[in-house]
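Data first, discussion second: the structure below is written as structure tokens.
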Amino acid sequence: MNEYNAGTRGIANRGKNGQGKFAYSRLADSDAFVAWIFILPFIVLWAWWFFYPFLQSFIRSFQDVNFAALDEAKFIGFGNYAKILQDPDFYRALLHSLEIVAISVPSQAVLGLLLAILVNKKIAGQGIFRTVFFIPYIASQIAVTTVFMMLFKQDTFVTRFFALLGMKNATWFADTDYALLFVCMLFVFQQVGFSMIVYLSGLQEIPRDLYEAAEIDGASKGNQFRYITVPSLKPVIFFVVSVSTILAFQIYDQIAAISRYGALGTPAGATSTVVTYFYQHGIRYLNIGYGCAAVVLFFFVILAVTAIQKKLLDAKD
Amino acid sequence: MKRLTTLLLCVSMLVFILAACGGGDKKSESGGKGEKATVTFGFWGTAEDLKVYQSAADSINEAYPNITLKIKQYPSSDQFWNQLPGEIAAGTAPDLVRLSNEGSYEYITKDLFAPLDEYIKSANLDMSVYIDSAKNGWQVEGKTFGIPNTFNTSMFFINDEMWKAAGLGAYPTTWDEVYEAAKKLKTKDVYGLVANIHEFHITNYVKTFGGGWGYGKTINSKENVQGLEQFMKFYKDDLAVTPKTLGYGWDGEVFANKKAAMTTGGAWYKSYLKDANPDLKYVALPVPKGTVQAGNLIADGYTVMKDSKNKEAAVKAAYFMSGEKVQSQFIELGYNPPLKSLSPKYYDLNPEFKSTESALANATDFQYPSDTKKFTDALVKEVENAILGGSKETAQQILDKVQQQFNK
Amino acid sequence: MNVKLIRRAIAYAVLWLLAAAFATPFIYTLYNSFMPLKYANKLVGMKEWTLEHYATFFTNEAYNVPLWFWNTLVMTGIIMLGNWIVNPMAAYALAKLNFRGKKLVLWMVMATMMVPYHMILIPVYVNMAQIGWLNTFAGLTVPFLYQCLYIFMLRQFYLGIPNELIEASRIDGLNKIGGFWRIVFPLAKSSLITMSILTFAGTWNSYLVPSTFVSSPEKYVLVVGLNSLKDAAFEKTSLIMAGVVLSTVPILLFFFFFQKQYIEGVSTSGIKG
């Protein structure tokens with residue numbers, strides 16, 4: 001892109017603007033100037049409403065602090081971090097977070113794409129199908145969770161069906177072996193509408209003439225999908241995968257919903273994640289510094305995973 | 001990526017310097033006692049409760065002309081606790097909140113609330129109007145931390161239709177009798193008992209064997225082990241069920257839906273069942289004995305935040321809300337007032353609870369350790385692990401394990 | 001021909017089956033919202049249905065649904081407007097312009113998404129209290145005029161727009177700002193629609209933020225207001241469900257009308273040979 005940048009300078013110089021506007025038009029054509037102007041609103045909002053508060057929480061992670069007395073915080077260096085790294089519950093929570101990502105992200109990415117392709121076709125009731133597939137994403141947590149809980153009880157047709165496949169006929173969310181899987185299914189069901197809608201708009205932006213040309217060349221539908229759809233969607237696929245990874249790492253509402261009347265991460269900690277760990281220690285046990293330290297550690301885990309995904313999936317720019 | 005690392009490093013260094021210098025959030029104190037005081041009351045609860053408090057806010061001037069009572073609404077207690085750290089730091093926390101003794105000990109020992117004795121004295125409040133057991137829950141280390149509001153004890157509920165249909169006679173007074181009855185009440189669709197794996201219910205069991213948590217000192221006492229064994233025995237013999245297994249949120253739902261014949265609960269069952277299953281015939285009894293008659297004392301009270309700038313006015317407002325005028329509205333809603341003058345009327349209005357009156361005298365505070373939430377989370381987790389996770393741990397092993405975390 | 005017909009029939013059957021599964025939670029909610037509380041979470045047919053839960057929201061003086069609806073509308077409107085301006089601009093810079101620090105900004109955007117909002121909620125609250133923005137629309141909206149998620153999303157879409165198009169526009173005398181407004185912005189229309197739908201749904205449904213930054217009932221938004229009163233020991237399921245219906249229907253309508261804007265294959269590569 002650099003060469004095109006250099007090559008076009010001249011055009012602006014020869015622009016039809018009068019002498020007085022010369023400086024402006026020059027600036028308006030400089031990548032760096034335009035870029036920073038365009039990014040400025042974001043940076044200002046971000047610095048004040050994200051970075052500054054984040055920094056404050058980051059400081060807390062080096063403190064021993066009870067929320068009733070934030071003024072009396074004691075600086076303890078890496079004390080919180082050391083304690084967390086010795087806590088088996090933290091590793092268990094981290095493992096659960098990774099499991100949720102490993103299960104839900106691929107399912108969501110694939111199912112979302114399938115749905116998007118289905119509702120992108122000219123079919124009767126297209127609008128209704130699109131709306132219906134989007135419903136779980138916008139419907140309230142309580143409603144979706146309640147329905148799922150009714151379906152995954154012992155002896156319903158759903159659990160009986162899974163029993164045929166060799167699983168236990170049990171109430172999934174009350175079973176320490178299945179509760180995490182239950183959370184994943186709930187999560188995918190709710191999030192797949194999001195992937196669908198993003199893919200759907202990605203499909204709109206694939207130039208139609210590419211398909212027309214392929215058709216003329218006699219390419220099969222399968223080959224069109226493989227050689228046109230997937231490569232064109234690559235940036236969108238990277239977006240869906242990385243965002244759903246980040247969201248899956250941060251899953252909280254679904255877990256809070258199934259623990260509505262009990263301890264977070266029920267049954268017996270089978271659905272604990274790093275976010276519930278933060279919540280428990282930072283807020284329930286009033287130990288804010290400790291909770292923040294857990295999130296900071298977690299942040300680096302997410303960062304690492306995303307960096308790997310970017311290496312593997314992102315288009316070169 | 002490299003640049004990001006550099007940035008993060010720089011930021012970390014900066015933070016270290018800042019943190020080491022001990023830069024804190026300094027709050028500006030606005031001192032001085034004005035004549036007029038505004039007391040903010042943090043509230044969460046039902047629409048009916050809100051109405052009572054709004055009328056209290058309208059009428060408080062009759063008793064205290066200089067106090068304005070403002071109600072600050074929170075959607076739930078969780079929301080309140082999640083928000084409180086920010087509010088304390090920002091100085092926007094309420095002066096007064098209504099709390100249950102189920103979780104208050106932790107916050108009292110962690111210095112969130114102010115001791116009230118000095119203000120009670122200076123405001124000249126007569127504390128003898130309250131029933132002792134309603135008051136006692138708010139005494140910690142000889143200091144008063146709350147003005148008592150409504151109070152009650154835990155109860156044992158039986159689905160009377162099922163009881164009669166099974167041809168059972170007198171209602172049970174011991175866990176052994178409950179056990180025998182549960183065997184008879186158990187059918188294909190109905191469990192004998194719903195025993196929610198929740199600290200409230202477990203505490204009931206251990207108390208009836210003469211046990212108690214002793215603020216963390218006696219978690220694995222012999223009596224507690226017996227109590228927990230009794231609790232787990234119902235599960236071992238498949239007579240009890242958790243609400244979760246049936247897809248319900250709490251024990252009352254199981255009971256209302258006739259999936260279990262008996263349960264431990266409390267006065268809130270009445271208002272819930274009235275809506276959830278108006279046709280259900282039930283009886284309320286004292287919690288059955290293991291070796292002694294005992295139960296949880298559930299007491300609401302008004303506590304004053306440590307940082308409140310109007311502590312005396314807040315105490316006065318609390319006293320007003322615990323007084324006859326407001327409490328006579330609460331008694332209509334089914335709450336038992338803490339006042340000697342009103343409480344006797346409670347059983348006239350709620351005759352179904354008459355049989356539990358004697359139990360109220362024996363009810364005691366929860367006595368959870370000061371790390372209450374940590375304790376209840378750990379206890380519930382271990383018991384869940386044994387009952388739902390098949391960990392094979394005995395009651396003794398569970399309580400030993402929990403005790404270990406609370407040895408100071 | 002017959003084979004094709006059968007295949008079509010099967011495809012529709014699968015589609016309808018899927019649709020039924022996806023619609024279940026909402027239908028269930030709708031059903032429950034009309035049932036007396038004693039039938040909550042039970043399937044007993046519609047013999048004894050009632051409007052009392054909806055009536056509660058409109059007659060009980062503790063609720064002010066029209067006002068809360070208006071508040072939600074204002075909040076959502078302001079946030080959407082902000083997102084329409086801030087996000088595409090930042091995304092364009094990150095996708096199509098060259099400048100020092102671009103990688104860093106991109107990682108800032110990504111990293112922001114990785115921090116659970118719960119973690120910074122308390123300091124944000126304190127900062128907001130200090131500038132007196134609690135209980136104001138400013139507090140509800142200004143911090144959310146940008147969304148890193150959508151900046152990232154738009155950037156990914158803009159990457160797919162061929163550089164040749166922008167270059168061509170420059171030959172026509174448009175500078176970089178003009179190239180953005182005239183070429184990129186309209187071309188990636190479907191990504192803007194997606195952003196609008198997602199922003200609308202997310203803002204309209206948001207609970208954590210408005211329930212934290214607003215404590216006076218006059219400034220409640222719908223979702224917070226409808227959930228503002230609860231029993232400590234249990235929840236009135238049917239009442240909650242009625243609240244869910246009230247707050248979800250606007251999003252459904254918004255979505256239904258907006259999704260029509262997705263018209264397949266609008267864009268061409270513009271480099272037809």
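How things are named: the first chain in the structure tokens is A, the next is B, and so on; residues count from 1 in each chain; ligands count from 1 in the order shown.
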Determine, for each residue of chain A having at least one atom at most 7 Å from an atom of chain B, the closest pair of atoms and their separation in Å to one decimal, counting only C-alpha atoms; order by chain and ascending number, as a Markdown table.
```
| residue | atom | partner | partner_atom | distance |
| --- | --- | --- | --- | --- |
| A:Ile59 | CA | B:Val15 | CA | 6.0 |
| A:Phe67 | CA | B:Pro85 | CA | 5.3 |
| A:Ala68 | CA | B:Leu112 | CA | 5.5 |
| A:Leu70 | CA | B:Ala89 | CA | 6.9 |
| A:Asp71 | CA | B:Gly24 | CA | 5.6 |
| A:Phe75 | CA | B:Ala20 | CA | 6.1 |
| A:Met149 | CA | B:Gly247 | CA | 5.9 |
| A:Met150 | CA | B:Gly247 | CA | 6.1 |
| A:Lys153 | CA | B:Gly247 | CA | 6.2 |
| A:Thr171 | CA | B:Thr245 | CA | 5.6 |
| A:Ala174 | CA | B:Thr245 | CA | 5.5 |
| A:Asp175 | CA | B:Leu388 | CA | 5.9 |
| A:Thr176 | CA | B:Gly389 | CA | 5.2 |
| A:Arg260 | CA | B:Gly249 | CA | 7.0 |
| A:Tyr261 | CA | B:Gly249 | CA | 6.1 |
| A:Gly262 | CA | B:His198 | CA | 6.8 |
| A:Ala263 | CA | B:Asp377 | CA | 5.6 |
| A:Pro267 | CA | B:Glu384 | CA | 6.1 |
| A:Ala268 | CA | B:Lys381 | CA | 4.2 |
| A:Gly269 | CA | B:Lys381 | CA | 6.4 |
| A:Ile283 | CA | B:Asn82 | CA | 6.3 |
| A:Arg284 | CA | B:Lys373 | CA | 6.7 |
| A:Tyr285 | CA | B:Lys373 | CA | 6.4 |
```
Would you put the residues from that selection into a file with N, CA and C atoms, as an mmCIF file, in the first residue's frame?
```cif
data_model
loop_
_atom_site.group_PDB
_atom_site.id
_atom_site.type_symbol
_atom_site.label_atom_id
_atom_site.label_comp_id
_atom_site.auth_asym_id
_atom_site.auth_seq_id
_atom_site.Cartn_x
_atom_site.Cartn_y
_atom_site.Cartn_z
ATOM 1 N N ILE A 59 -4.068 -1.208 38.893
ATOM 2 C CA ILE A 59 -3.353 -0.845 40.126
ATOM 3 C C ILE A 59 -3.871 -1.670 41.300
ATOM 4 N N PHE A 67 -13.142 -3.684 50.010
ATOM 5 C CA PHE A 67 -13.890 -2.600 49.378
ATOM 6 C C PHE A 67 -14.530 -1.634 50.350
ATOM 7 N N ALA A 68 -14.644 -2.036 51.598
ATOM 8 C CA ALA A 68 -15.216 -1.112 52.563
ATOM 9 C C ALA A 68 -14.236 0.014 52.879
ATOM 10 N N LEU A 70 -11.402 1.446 50.683
ATOM 11 C CA LEU A 70 -10.520 1.541 49.517
ATOM 12 C C LEU A 70 -9.315 2.439 49.810
ATOM 13 N N ASP A 71 -9.488 3.372 50.739
ATOM 14 C CA ASP A 71 -8.385 4.283 51.071
ATOM 15 C C ASP A 71 -7.234 3.574 51.772
ATOM 16 N N PHE A 75 -0.084 -1.756 49.282
ATOM 17 C CA PHE A 75 0.613 -2.237 48.093
ATOM 18 C C PHE A 75 1.341 -3.530 48.432
ATOM 19 N N MET A 149 -33.450 -25.347 30.520
ATOM 20 C CA MET A 149 -33.449 -26.155 31.734
ATOM 21 C C MET A 149 -34.614 -27.132 31.732
ATOM 22 N N MET A 150 -35.740 -26.709 31.153
ATOM 23 C CA MET A 150 -36.865 -27.639 31.086
ATOM 24 C C MET A 150 -36.569 -28.801 30.151
ATOM 25 N N LYS A 153 -33.828 -31.679 31.531
ATOM 26 C CA LYS A 153 -34.082 -32.397 32.776
ATOM 27 C C LYS A 153 -34.071 -33.898 32.510
ATOM 28 N N THR A 171 -30.335 -34.936 34.774
ATOM 29 C CA THR A 171 -30.547 -33.506 34.648
ATOM 30 C C THR A 171 -29.181 -32.874 34.410
ATOM 31 N N ALA A 174 -27.514 -30.277 36.672
ATOM 32 C CA ALA A 174 -27.311 -30.683 38.058
ATOM 33 C C ALA A 174 -26.315 -31.834 38.121
ATOM 34 N N ASP A 175 -25.672 -32.110 37.009
ATOM 35 C CA ASP A 175 -24.742 -33.224 36.967
ATOM 36 C C ASP A 175 -23.328 -32.677 36.736
ATOM 37 N N THR A 176 -22.416 -33.035 37.594
ATOM 38 C CA THR A 176 -21.083 -32.431 37.494
ATOM 39 C C THR A 176 -20.384 -32.789 36.184
ATOM 40 N N ARG A 260 -28.785 -19.364 39.763
ATOM 41 C CA ARG A 260 -29.589 -18.262 40.264
ATOM 42 C C ARG A 260 -29.795 -18.295 41.777
ATOM 43 N N TYR A 261 -30.059 -19.458 42.324
ATOM 44 C CA TYR A 261 -30.322 -19.509 43.762
ATOM 45 C C TYR A 261 -29.199 -20.181 44.536
ATOM 46 N N GLY A 262 -28.069 -20.406 43.898
ATOM 47 C CA GLY A 262 -27.022 -21.123 44.608
ATOM 48 C C GLY A 262 -25.678 -20.462 44.435
ATOM 49 N N ALA A 263 -24.633 -21.221 44.723
ATOM 50 C CA ALA A 263 -23.291 -20.682 44.583
ATOM 51 C C ALA A 263 -22.937 -20.613 43.106
ATOM 52 N N PRO A 267 -23.061 -27.058 39.514
ATOM 53 C CA PRO A 267 -22.935 -27.844 40.741
ATOM 54 C C PRO A 267 -21.477 -28.141 41.108
ATOM 55 N N ALA A 268 -21.162 -27.915 42.342
ATOM 56 C CA ALA A 268 -19.855 -28.244 42.902
ATOM 57 C C ALA A 268 -18.704 -27.658 42.091
ATOM 58 N N GLY A 269 -18.895 -26.440 41.574
ATOM 59 C CA GLY A 269 -17.807 -25.779 40.848
ATOM 60 C C GLY A 269 -17.585 -26.314 39.443
ATOM 61 N N ILE A 283 -15.821 -9.619 44.213
ATOM 62 C CA ILE A 283 -17.025 -8.930 44.641
ATOM 63 C C ILE A 283 -17.723 -9.639 45.792
ATOM 64 N N ARG A 284 -17.957 -10.931 45.657
ATOM 65 C CA ARG A 284 -18.636 -11.636 46.757
ATOM 66 C C ARG A 284 -17.792 -11.643 48.023
ATOM 67 N N TYR A 285 -16.486 -11.906 47.877
ATOM 68 C CA TYR A 285 -15.646 -11.966 49.074
ATOM 69 C C TYR A 285 -14.969 -10.639 49.371
#
```
Please identify every residue of chain B that has at least one atom no farther than 9 Å from an atom of chain C, counting only C-alpha atoms, and for each give the shortest atom pair and the distance in Å to one decimal, arranged by chain then increasing number, as a tab-separated table.
```
residue	atom	partner	partner_atom	distance
B:Met1	CA	C:Leu104	CA	7.9
B:Arg3	CA	C:Leu104	CA	7.0
B:Leu4	CA	C:Leu104	CA	6.3
B:Trp44	CA	C:Leu229	CA	7.0
B:Gly45	CA	C:Asp231	CA	5.2
B:Thr46	CA	C:Lys230	CA	5.0
B:Ala47	CA	C:Leu229	CA	5.8
B:Leu50	CA	C:Ala62	CA	8.0
B:Lys51	CA	C:Ala62	CA	8.0
B:Lys72	CA	C:Ser215	CA	6.6
B:Gln73	CA	C:Ser215	CA	6.4
B:Tyr74	CA	C:Ser228	CA	6.6
B:Pro75	CA	C:Ser228	CA	4.1
B:Ser76	CA	C:Lys230	CA	6.8
B:Ser77	CA	C:Ala232	CA	7.8
B:Gln79	CA	C:Thr212	CA	7.9
B:Asn82	CA	C:Ile122	CA	8.7
B:Gln83	CA	C:Thr212	CA	6.6
B:Leu84	CA	C:Ile122	CA	8.9
B:Pro85	CA	C:Ile122	CA	6.9
B:Gly86	CA	C:Ile122	CA	4.8
B:Glu87	CA	C:Val126	CA	7.2
B:Ile88	CA	C:Val126	CA	9.0
B:Ala89	CA	C:Val126	CA	6.5
B:Ala90	CA	C:Val126	CA	4.9
B:Gly91	CA	C:Ala129	CA	8.4
B:Thr92	CA	C:Ala129	CA	7.8
B:Gly249	CA	C:Phe234	CA	8.4
B:Trp250	CA	C:Phe234	CA	7.8
B:Gly252	CA	C:Phe234	CA	8.3
B:Glu253	CA	C:Phe234	CA	8.7
B:Ala256	CA	C:Lys38	CA	8.6
B:Trp268	CA	C:Ala233	CA	7.1
B:Tyr269	CA	C:Ala233	CA	8.9
B:Tyr272	CA	C:Phe234	CA	7.6
B:Leu273	CA	C:Lys38	CA	8.4
B:Lys274	CA	C:Lys38	CA	8.5
B:Asp275	CA	C:Lys38	CA	5.8
B:Ala276	CA	C:Lys38	CA	4.0
B:Asn277	CA	C:Lys38	CA	5.0
B:Pro278	CA	C:Lys38	CA	7.2
```
Write the selection just made, keeping N, CA and C atoms, as a short mmCIF file (atom, residue, chain, number, x, y, z; two decimals), in the first residue's frame?
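File written: again-v9.cif
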```
data_model
loop_
_atom_site.label_atom_id
_atom_site.label_comp_id
_atom_site.auth_asym_id
_atom_site.auth_seq_id
_atom_site.Cartn_x
_atom_site.Cartn_y
_atom_site.Cartn_z
N MET B 1 3.21 -6.65 17.65
CA MET B 1 3.21 -7.44 18.89
C MET B 1 4.32 -6.96 19.80
N ARG B 3 5.71 -4.03 19.82
CA ARG B 3 5.42 -2.70 20.34
C ARG B 3 4.40 -2.78 21.48
N LEU B 4 3.48 -3.71 21.32
CA LEU B 4 2.47 -3.89 22.36
C LEU B 4 3.11 -4.29 23.68
N TRP B 44 -34.29 -2.78 48.46
CA TRP B 44 -34.64 -3.73 47.41
C TRP B 44 -35.70 -4.66 47.96
N GLY B 45 -36.64 -5.04 47.16
CA GLY B 45 -37.72 -5.89 47.66
C GLY B 45 -38.92 -5.82 46.75
N THR B 46 -40.08 -6.07 47.31
CA THR B 46 -41.30 -6.17 46.50
C THR B 46 -41.98 -4.82 46.35
N ALA B 47 -42.92 -4.78 45.40
CA ALA B 47 -43.69 -3.56 45.17
C ALA B 47 -44.49 -3.20 46.42
N LEU B 50 -42.23 -1.57 48.94
CA LEU B 50 -41.89 -0.22 48.50
C LEU B 50 -42.99 0.76 48.89
N LYS B 51 -44.21 0.31 48.72
CA LYS B 51 -45.34 1.18 49.04
C LYS B 51 -45.31 1.56 50.52
N LYS B 72 -33.81 4.92 47.95
CA LYS B 72 -33.01 4.62 46.77
C LYS B 72 -33.20 3.15 46.44
N GLN B 73 -33.71 2.91 45.25
CA GLN B 73 -34.14 1.55 44.92
C GLN B 73 -33.04 0.76 44.23
N TYR B 74 -32.84 -0.47 44.66
CA TYR B 74 -31.94 -1.38 43.96
C TYR B 74 -32.77 -2.56 43.45
N PRO B 75 -32.47 -3.06 42.26
CA PRO B 75 -33.26 -4.15 41.71
C PRO B 75 -33.14 -5.44 42.52
N SER B 76 -32.00 -5.67 43.17
CA SER B 76 -31.86 -6.90 43.93
C SER B 76 -30.72 -6.73 44.92
N SER B 77 -30.61 -7.65 45.85
CA SER B 77 -29.54 -7.52 46.82
C SER B 77 -28.18 -7.71 46.12
N GLN B 79 -27.42 -6.76 43.17
CA GLN B 79 -27.13 -5.48 42.54
C GLN B 79 -26.57 -4.51 43.57
N ASN B 82 -22.99 -5.55 44.46
CA ASN B 82 -22.07 -5.32 43.35
C ASN B 82 -21.74 -3.84 43.21
N GLN B 83 -22.72 -3.03 43.51
CA GLN B 83 -22.58 -1.61 43.27
C GLN B 83 -21.93 -0.89 44.43
N LEU B 84 -22.06 -1.49 45.60
CA LEU B 84 -21.63 -0.80 46.81
C LEU B 84 -20.17 -0.33 46.79
N PRO B 85 -19.20 -1.13 46.33
CA PRO B 85 -17.81 -0.65 46.36
C PRO B 85 -17.67 0.68 45.63
N GLY B 86 -18.28 0.78 44.46
CA GLY B 86 -18.23 2.02 43.69
C GLY B 86 -18.90 3.15 44.44
N GLU B 87 -20.03 2.85 45.04
CA GLU B 87 -20.77 3.89 45.74
C GLU B 87 -20.02 4.40 46.95
N ILE B 88 -19.36 3.49 47.64
CA ILE B 88 -18.58 3.93 48.80
C ILE B 88 -17.45 4.84 48.33
N ALA B 89 -16.77 4.41 47.27
CA ALA B 89 -15.65 5.20 46.76
C ALA B 89 -16.12 6.55 46.25
N ALA B 90 -17.30 6.58 45.64
CA ALA B 90 -17.78 7.82 45.06
C ALA B 90 -18.57 8.65 46.06
N GLY B 91 -18.81 8.08 47.24
CA GLY B 91 -19.57 8.81 48.24
C GLY B 91 -21.05 8.90 47.94
N THR B 92 -21.57 7.95 47.15
CA THR B 92 -23.00 8.00 46.83
C THR B 92 -23.76 6.85 47.49
N GLY B 249 -35.85 -23.60 40.68
CA GLY B 249 -34.86 -22.72 41.28
C GLY B 249 -34.68 -22.95 42.77
N TRP B 250 -35.78 -23.13 43.49
CA TRP B 250 -35.66 -23.28 44.94
C TRP B 250 -36.72 -24.23 45.46
N GLY B 252 -39.32 -23.99 47.43
CA GLY B 252 -40.73 -23.62 47.41
C GLY B 252 -41.41 -23.99 46.10
N GLU B 253 -40.68 -23.87 45.00
CA GLU B 253 -41.25 -24.22 43.70
C GLU B 253 -41.56 -25.72 43.62
N ALA B 256 -44.62 -26.28 45.78
CA ALA B 256 -45.84 -25.76 45.16
C ALA B 256 -46.28 -26.65 43.99
N TRP B 268 -41.99 -17.00 54.32
CA TRP B 268 -42.18 -16.53 52.94
C TRP B 268 -42.93 -17.53 52.09
N TYR B 269 -43.02 -18.78 52.54
CA TYR B 269 -43.79 -19.78 51.80
C TYR B 269 -45.24 -19.35 51.63
N TYR B 272 -45.74 -16.86 48.86
CA TYR B 272 -45.41 -17.50 47.58
C TYR B 272 -46.49 -18.49 47.17
N LEU B 273 -46.89 -19.36 48.11
CA LEU B 273 -47.87 -20.39 47.77
C LEU B 273 -49.22 -19.77 47.41
N LYS B 274 -49.52 -18.65 48.03
CA LYS B 274 -50.78 -17.97 47.73
C LYS B 274 -50.86 -17.67 46.23
N ASP B 275 -49.74 -17.29 45.64
CA ASP B 275 -49.70 -17.02 44.21
C ASP B 275 -49.46 -18.29 43.39
N ALA B 276 -48.54 -19.10 43.85
CA ALA B 276 -48.05 -20.19 43.01
C ALA B 276 -48.98 -21.40 43.00
N ASN B 277 -49.63 -21.64 44.11
CA ASN B 277 -50.57 -22.76 44.13
C ASN B 277 -51.59 -22.54 45.23
N PRO B 278 -52.59 -21.69 44.94
CA PRO B 278 -53.53 -21.29 45.98
C PRO B 278 -54.33 -22.45 46.57
#
```
For atom CA of C:Asn175 and atom CA of C:Leu159, the interatomic separation in Å (one decimal):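 Between atom CA of C:Asn175 and atom CA of C:Leu159 the gap is 18.8 Å.
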Interface list for chain A, partner chain C, 6 Å threshold, only C-alpha atoms, as a list in words: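 Filtering chain A at 6 Å from chain C with only C-alpha atoms gives Asp29, Asp31, Ala32, Ala35, Phe38, Ile39, Trp49, Pro53, Phe54, Thr131, Val132, Phe133, Ala143, Val144, Val147, Ser201, Gln204, Glu205, Pro207, Arg208, Pro235, Val236 and Ile246 of chain A.
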DSSP helix (DSSP H, G or I) selection over stretch 82-281 of chain B, as a ChimeraX atom specification: /B:82-90,101-109,117-122,127-129,132-136,160-165,175-185,199-207,214-216,222-236,244-246,251-256,268-276
Using only C-alpha atoms: which of A:Ile142, A:Ala213, A:Leu118, A:Ala257 has the shortest distance to C:Ala242: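 Counting only C-alpha atoms, the residue closest to C:Ala242 is A:Ile142.
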Distance criterion (only C-alpha atoms): nearest to C:Thr199 out of C:Gly45, C:Pro162, C:Gly77, C:Pro66: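 Of C:Gly45, C:Pro162, C:Gly77, C:Pro66, the one nearest C:Thr199, counting only C-alpha atoms, is C:Gly77.
The gap separating atom CA of B:Ala260 from atom CA of B:Asn362 is 27.0 Å, in Å to one decimal.
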Length of the atom CA of B:Leu193 to atom CA of B:Tyr235 vector [Å]: 9.3 Å
Close residues, stretch 158-167 of chain A itself excluded, 12 Å, only C-alpha atoms, min 6 positions apart in chain, as a VMD selection string: chain A and resid 148 to 152 173 175 177 to 178 182
Using the selection just defined, write its residues with N, CA and C atoms as a PDB file, in the first residue's frame.
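Heads up, here's the output in selection.pdb:
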```pdb
ATOM      1  N   PHE A 148     -34.268 -24.039  28.235  1.00  0.00           N
ATOM      2  CA  PHE A 148     -33.212 -25.050  28.149  1.00  0.00           C
ATOM      3  C   PHE A 148     -33.203 -25.953  29.371  1.00  0.00           C
ATOM      4  N   MET A 149     -33.450 -25.347  30.520  1.00  0.00           N
ATOM      5  CA  MET A 149     -33.449 -26.155  31.734  1.00  0.00           C
ATOM      6  C   MET A 149     -34.614 -27.132  31.732  1.00  0.00           C
ATOM      7  N   MET A 150     -35.740 -26.709  31.153  1.00  0.00           N
ATOM      8  CA  MET A 150     -36.865 -27.639  31.086  1.00  0.00           C
ATOM      9  C   MET A 150     -36.569 -28.801  30.151  1.00  0.00           C
ATOM     10  N   LEU A 151     -35.822 -28.500  29.081  1.00  0.00           N
ATOM     11  CA  LEU A 151     -35.556 -29.540  28.091  1.00  0.00           C
ATOM     12  C   LEU A 151     -34.490 -30.530  28.550  1.00  0.00           C
ATOM     13  N   PHE A 152     -33.560 -30.066  29.340  1.00  0.00           N
ATOM     14  CA  PHE A 152     -32.440 -30.935  29.709  1.00  0.00           C
ATOM     15  C   PHE A 152     -32.585 -31.539  31.105  1.00  0.00           C
ATOM     16  N   PHE A 173     -27.756 -29.891  34.015  1.00  0.00           N
ATOM     17  CA  PHE A 173     -27.150 -28.783  34.763  1.00  0.00           C
ATOM     18  C   PHE A 173     -27.004 -29.115  36.248  1.00  0.00           C
ATOM     19  N   ASP A 175     -25.672 -32.110  37.009  1.00  0.00           N
ATOM     20  CA  ASP A 175     -24.742 -33.224  36.967  1.00  0.00           C
ATOM     21  C   ASP A 175     -23.328 -32.677  36.736  1.00  0.00           C
ATOM     22  N   ASP A 177     -20.772 -33.890  35.554  1.00  0.00           N
ATOM     23  CA  ASP A 177     -20.116 -34.255  34.292  1.00  0.00           C
ATOM     24  C   ASP A 177     -20.660 -33.468  33.101  1.00  0.00           C
ATOM     25  N   TYR A 178     -21.937 -33.115  33.153  1.00  0.00           N
ATOM     26  CA  TYR A 178     -22.579 -32.540  31.974  1.00  0.00           C
ATOM     27  C   TYR A 178     -22.832 -31.039  32.066  1.00  0.00           C
ATOM     28  N   PHE A 182     -23.647 -28.376  29.070  1.00  0.00           N
ATOM     29  CA  PHE A 182     -24.946 -27.712  29.040  1.00  0.00           C
ATOM     30  C   PHE A 182     -24.763 -26.204  28.832  1.00  0.00           C
TER      31      PHE A 182
END
```
